[in-house]
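To keep things clear, I will list the structure first and then write my remarks on it.
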Amino acid sequence: MVALVLSPPVCGVWLALAAPLVAAAFWSRDLRSLTAERAIAYERRKHLPATPPAAPEDEASPTLARLAGDHPLTFGVLTSGQQVQVGLRQALFSGLILGAPGMGKTRWLLSAIRTLVLLMATGHPLDVVLVDPKPETFDVAAEWLGGLYLTRPGLRSWLKRSVRVFLFDRDRISPLTPYVNADGLFTNAYLASFRSAVFIDAGDAEFTDATAYARKMYDLVLLDLGWPPLVSVAARFFQDEAFRRRVVLPRLRNPQAKAWAEIVGSLSKGVTNAFLWRLGEVQAYPQLWAALNTPAAGLAGLLPTLTPGLTLARVGPDTTLTDAAARLLARYLIFDVLARIPTRTQARPQLLALEELAALVADSPKLATPIAQALRKSRSFGTAIWAPAQDFASAAPTELTKAFALAARFILAFRSREEAAWLAAQAPESFLPDASDAERRRAFQATVENLPEREAVLWFKGGALLRCTSPEVPDPAAEFGVSAGELRGVFDRELAVNSTITMQQAEALIGAFESEVLGRGEVAPAPEAARTPVFSDMDALFDRLDSEEDADA
Amino acid sequence: MPDPTKAAAQLALLGLLWVLALPVILVRAIAQAFAASRTRTVVRRGFLVCPYCGRGNRLDVLVRCRCGFAEFRSLALPCGECGYRPGWIFCSGPDCGASLRLP
């Protein structure tokens with residue numbers, strides 16, 4: 001019995017059975033204590049305030065060295081006092097500037113624009129476009145430019161020549177001439193479809209297939225003619241065949257536009273009325289009406305030819321523009337700029353600072369696609385898109401947030417509760433490298449939520465996170481020692497006047513165009529409809545029939 | 001008194017059965033040793049990487065077992081009270097939530 005139990009095969013069985021159990025018991029105790037320690041440390045850390053994300057100076061140095069370059073822009077100041085200088089080449093990548101209102105986004109943007117303007121004024125090939133639907137950035141920039149004009153005589157000629165303004169206030173407007181393909185960069189068909197898409201997708205009105213098609217084809221007709229989208233002209237075009245035959249058709253060169261203009265009369269009255277209503281709705285605001293309808297031909301003598309440089313667009317709701325009208329204008333301008341991205345070259349880079357981009361496309365999700373596409377291809381054409389935004393993750397369509405998360409080379413995050421959660425998901429591993437993903441996200445979110453005013457987390461992809469304070473931007477009135485009203489007056493008188501006309505001038509030009517097109521002598525009035533005879537009784541009818549028979553005989 | 005011949009025959013039969021079972025037992029023991037080694041590696045690492053989204057899921061946390069016992073340990077280790085070990089966890093990656101099998 002003992003011999004059997006101790007025999008080699010049976011001992012092998014005992015060993016095979018016992019070894020894993022012994023080993024498991026041995027390392028289980030070891031692992032239990034190890035994992036318990038780690039779990040306790042983790043649970044403790046979870047309830048502690050977030051670890052500051054700022055890279056220590058020694059970790060920041062390689063990133064700062066990588067960002068350095070010619071013509072640097074100051075993105076911020078580290079706690080050590082060291083400036084975060086980003087070379088122009090690195091800075092002109094697309095970026096996202098996030099934060100709650102009043103946390104420093106606008107001042108940061110103004111600081112960058114000031115540096116870029118001075119760079120442009122000294123001959124650096126660069127274009128900057130600012131579209132501001134909440135006019136704060138525009139207004140401060142205008143005051144600063146007014147101050148620059150006053151105090152730097154050497155820059156006056158450049159400022160007069162290269163500052164273009166889009167302004168739509170009570171007295172002055174910037175003509176848009178949407179249906180003039182002056183530079184010929186696009187084909188008329190492309191520009192027409194582009195204009196239609198913006199108005200159809202961005203407007204508040206719903207378009208049926210029939211009205212959308214009518215809009216597209218009418219846009220093609222307008223571009224072929226170079227006419228403004230006046231409602232009075234459109235009404236005549238749709239309702240008066242003689243007008244089409246004698247005035248419009250002889251001038252049309254595009255065969256598609258011509259073919260459509262010949263059959264416009266067959267459109268149902270419902271489609272025509274719906275189209276005219278939608279066209280007129282946009283133009284109900286005098287400033288929009290004047291901006292869209294001022295004919296290009298009359299502007300030659302009124303406005304000087306400007307060279308590219310700084311473009312400032314003030315398209316915020318105020319006492320003249322309602323929110324809907326302002327949004328429409330902002331979208332129009334933004335898409336005009338985005339459409340021109342493929343015409344750019346890297347030899348002359350361009351910066352598009354599009355304020356509140358997310359809010360502008362929030363209720364028009366179809367517009368997210370062209371913006372996302374523009375964002376992806378912009379770098380190839382030397383264009384950078386900077387999008388300062390608040391509540392970006394909630395307001396912007398998912399497609400846009402994903403495109404920005406992918407394409408933005410840098411993200412500058414000021415304090416924000418709304419953005420923090422979304423940003424936390426993008427937090428790089430260099431932020432708390434030893435932590436788990438969930439832990440890293442929580443810590444990053446807590447950091448962004450608790451940033452002091454003007455302080456931000458700057459993340460250039462591929463580099464360490466830098467916690468910095470945005471550069472100080474003095475108030476223009478204090479900087480130049482002149483009141484804000486005076487500075488704005490100088491800007492309006494000397495700079496804005498080169499790209500705006502008065503409402504009276506616009507009305508006069510539009511009136512002249514209307515009388516030229518609609519009031520021309522050779523246009524025959526619309527033929528009167530044949531009168532249907534009315535008979536008061538049966539005798540009258542028989543009399544008429546008798547008389548007709550006599551006449552036939 | 002039991003018959004010694006019968007007892008010896010029973011013992012011999014038992015021994016024969018053990019000898020026949022030996023290869024199976026050995027193979028099982030080796031497989032268990034490999035599995036234990038894999039578990040140990042994951043437990044020591046402290047993270048379970050999601051093969052779908054690539055996120056690392058922390059295993060060392062305060063675990064509340066279904067028996068009500070709560071302790072600081074790895075999710076991959078059995079409960080210190082009832083010995084229960086969860087078979088899987090959900091990935092904590094945003095927009096993922098895939099089920100990850102624990103070793």
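Labeling convention for the structure tokens: chains A, B, ... as they appear, residues from 1 per chain, ligands from 1 in order of appearance.
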* To do: Write out as number ranges by chain each polymer residue whose atoms come within 12 Å of Phe47 (chain B), counting only C-alpha atoms; drop sequence neighbours fewer than 3 positions from it.
  => A: 35, 38-39, 434-438; B: 39-44, 50, 54-61, 74-76, 89, 91-92, 100, 102-103
File dump, residues just selected, N, CA, C and O atoms, as a tab-separated table (two decimals), in the first residue's frame:
```
chain	number	residue	atom	x	y	z
A	35	THR	N	-2.18	44.82	-5.01
A	35	THR	CA	-3.33	45.47	-5.64
A	35	THR	C	-4.12	46.28	-4.62
A	35	THR	O	-4.69	47.32	-4.95
A	38	ARG	N	-2.42	49.60	-4.29
A	38	ARG	CA	-2.68	50.46	-5.46
A	38	ARG	C	-4.12	50.96	-5.45
A	38	ARG	O	-4.40	52.10	-5.79
A	39	ALA	N	-5.04	50.08	-5.09
A	39	ALA	CA	-6.45	50.48	-5.06
A	39	ALA	C	-6.69	51.57	-4.03
A	39	ALA	O	-7.41	52.54	-4.29
A	434	ASP	N	1.06	58.52	-15.61
A	434	ASP	CA	0.95	57.28	-14.84
A	434	ASP	C	-0.47	56.94	-14.45
A	434	ASP	O	-0.72	55.90	-13.85
A	435	ALA	N	-1.40	57.82	-14.79
A	435	ALA	CA	-2.79	57.59	-14.35
A	435	ALA	C	-3.55	56.77	-15.38
A	435	ALA	O	-3.14	56.65	-16.53
A	436	SER	N	-4.67	56.22	-14.93
A	436	SER	CA	-5.53	55.52	-15.87
A	436	SER	C	-6.26	56.55	-16.72
A	436	SER	O	-6.27	57.74	-16.40
A	437	ASP	N	-6.88	56.09	-17.79
A	437	ASP	CA	-7.58	57.03	-18.67
A	437	ASP	C	-8.69	57.75	-17.93
A	437	ASP	O	-8.88	58.95	-18.09
A	438	ALA	N	-9.46	56.98	-17.14
A	438	ALA	CA	-10.58	57.59	-16.42
A	438	ALA	C	-10.07	58.62	-15.43
A	438	ALA	O	-10.62	59.72	-15.30
B	39	THR	N	-3.11	35.40	-15.53
B	39	THR	CA	-3.84	36.21	-14.56
B	39	THR	C	-2.87	37.06	-13.75
B	39	THR	O	-3.11	38.25	-13.53
B	40	ARG	N	-1.81	36.44	-13.35
B	40	ARG	CA	-0.83	37.15	-12.52
B	40	ARG	C	-0.28	38.35	-13.29
B	40	ARG	O	-0.11	39.43	-12.74
B	41	THR	N	0.01	38.15	-14.58
B	41	THR	CA	0.56	39.25	-15.39
B	41	THR	C	-0.42	40.42	-15.42
B	41	THR	O	-0.04	41.58	-15.23
B	42	VAL	N	-1.69	40.10	-15.67
B	42	VAL	CA	-2.70	41.17	-15.76
B	42	VAL	C	-2.89	41.85	-14.41
B	42	VAL	O	-2.95	43.08	-14.32
B	43	VAL	N	-2.92	41.04	-13.37
B	43	VAL	CA	-3.13	41.61	-12.02
B	43	VAL	C	-1.95	42.51	-11.65
B	43	VAL	O	-2.12	43.59	-11.11
B	44	ARG	N	-0.76	42.08	-11.98
B	44	ARG	CA	0.42	42.89	-11.65
B	44	ARG	C	0.41	44.19	-12.45
B	44	ARG	O	0.81	45.24	-11.95
B	50	CYS	N	-8.57	47.68	-23.48
B	50	CYS	CA	-9.71	47.33	-24.32
B	50	CYS	C	-9.22	47.11	-25.75
B	50	CYS	O	-8.58	48.00	-26.33
B	54	GLY	N	-8.84	50.69	-27.20
B	54	GLY	CA	-7.45	50.90	-26.77
B	54	GLY	C	-7.30	51.53	-25.41
B	54	GLY	O	-6.18	51.85	-25.00
B	55	ARG	N	-8.41	51.77	-24.72
B	55	ARG	CA	-8.33	52.41	-23.42
B	55	ARG	C	-7.85	51.42	-22.35
B	55	ARG	O	-8.22	50.24	-22.41
B	56	GLY	N	-7.11	51.90	-21.37
B	56	GLY	CA	-6.71	51.06	-20.26
B	56	GLY	C	-7.75	51.16	-19.14
B	56	GLY	O	-8.10	52.26	-18.75
B	57	ASN	N	-8.24	50.03	-18.69
B	57	ASN	CA	-9.24	50.04	-17.61
B	57	ASN	C	-8.58	49.62	-16.31
B	57	ASN	O	-8.00	48.53	-16.22
B	58	ARG	N	-8.67	50.50	-15.32
B	58	ARG	CA	-8.03	50.22	-14.04
B	58	ARG	C	-8.72	49.06	-13.33
B	58	ARG	O	-9.95	49.02	-13.25
B	59	LEU	N	-7.90	48.13	-12.82
B	59	LEU	CA	-8.46	46.97	-12.12
B	59	LEU	C	-8.38	47.13	-10.59
B	59	LEU	O	-9.20	46.58	-9.86
B	60	ASP	N	-7.38	47.88	-10.14
B	60	ASP	CA	-7.19	48.00	-8.68
B	60	ASP	C	-8.08	49.11	-8.15
B	60	ASP	O	-7.75	50.30	-8.24
B	61	VAL	N	-9.19	48.72	-7.61
B	61	VAL	CA	-10.17	49.70	-7.11
B	61	VAL	C	-10.80	49.14	-5.83
B	61	VAL	O	-10.48	48.04	-5.38
B	74	SER	N	-7.62	43.80	-6.71
B	74	SER	CA	-7.80	43.78	-8.15
B	74	SER	C	-9.12	43.07	-8.48
B	74	SER	O	-9.50	42.11	-7.79
B	75	LEU	N	-9.76	43.57	-9.52
B	75	LEU	CA	-11.02	42.94	-9.94
B	75	LEU	C	-10.79	41.51	-10.43
B	75	LEU	O	-11.71	40.70	-10.44
B	76	ALA	N	-9.55	41.22	-10.82
B	76	ALA	CA	-9.27	39.89	-11.36
B	76	ALA	C	-9.01	38.86	-10.26
B	76	ALA	O	-8.90	37.67	-10.55
B	89	ILE	N	-15.81	42.81	-17.23
B	89	ILE	CA	-16.14	44.19	-16.83
B	89	ILE	C	-16.49	44.97	-18.10
B	89	ILE	O	-16.19	44.53	-19.21
B	91	CYS	N	-15.84	48.22	-20.49
B	91	CYS	CA	-14.77	49.18	-20.79
B	91	CYS	C	-15.26	50.58	-20.42
B	91	CYS	O	-16.40	50.95	-20.70
B	92	SER	N	-14.40	51.38	-19.78
B	92	SER	CA	-14.81	52.71	-19.34
B	92	SER	C	-14.52	53.78	-20.39
B	92	SER	O	-14.70	54.96	-20.13
B	100	LEU	N	-15.26	43.29	-21.37
B	100	LEU	CA	-13.89	42.76	-21.43
B	100	LEU	C	-13.80	41.57	-20.48
B	100	LEU	O	-14.13	41.70	-19.29
B	102	LEU	N	-12.33	39.05	-17.99
B	102	LEU	CA	-11.21	39.05	-17.04
B	102	LEU	C	-10.48	37.71	-17.14
B	102	LEU	O	-11.11	36.68	-17.37
B	103	PRO	N	-9.16	37.70	-16.94
B	103	PRO	CA	-8.41	36.44	-17.09
B	103	PRO	C	-8.75	35.46	-15.96
B	103	PRO	O	-9.12	35.88	-14.88
```
* Enumerate as a list in words all residues of region 18-69 of chain B assigned to helix (DSSP H, G or I) by DSSP on the backbone, naming them with the chain letters and numbers the document uses. => Trp18, Val19, Leu20, Ala21, Leu22, Pro23, Val24, Ile25, Leu26, Val27, Arg28, Ala29, Ile30, Ala31, Gln32, Ala33, Phe34, Ala35, Ala36, Ser37, Arg38, Thr39, Arg40, Thr41, Val42, Val43, Arg44 and Arg45 of chain B
* Write out as a list in words the residues lying within 9 Å of Ile200 (chain A), counting only C-alpha atoms and excluding same-chain residues fewer than 5 positions away. =>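 In the requested format, the answer is Arg195, Ala205, Glu206, Phe207, Ala212 and Arg215 of chain A.
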* Structure fact -> CA of Gln504 (chain A) sits from CA of Arg172 (chain A) at a separation of 8.7 Å
* Name all residues at most 9 Å from Ala368 (chain A) (count only C-alpha atoms; drop same-chain ones fewer than 6 positions away) and give them as a ChimeraX atom specification. => /A:358,361-362,396-400
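Between chain B and the candidates A:Gln287, A:Ser232, A:Gln426, A:Thr294, the tightest atom-to-atom separation, counting only C-alpha atoms, involves A:Gln426.
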* Quick one: distance from CA of Thr63 (chain A) to CA of Gly76 (chain A) in Å, one decimal? ->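 Separating CA of Thr63 (chain A) from CA of Gly76 (chain A) is a distance of 13.6 Å.
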* Asked: Taking the backbone alone, and naming residues the way the document does, which bits of region 95-279 of chain A are strand (DSSP E) by DSSP, as number ranges by chain?
  -> A: 95-98, 127-132, 163-166, 172-173
* Find the residues near Arg66 (chain B): any atom within 10 Å, counting only C-alpha atoms, skip ones fewer than 5 places away on the same chain, and give them as a ChimeraX atom specification. => /B:79,82,84-86
* Mind pulling up the distance from CA of Leu116 (chain A) to CA of Gly146 (chain A)? -> 16.2 Å
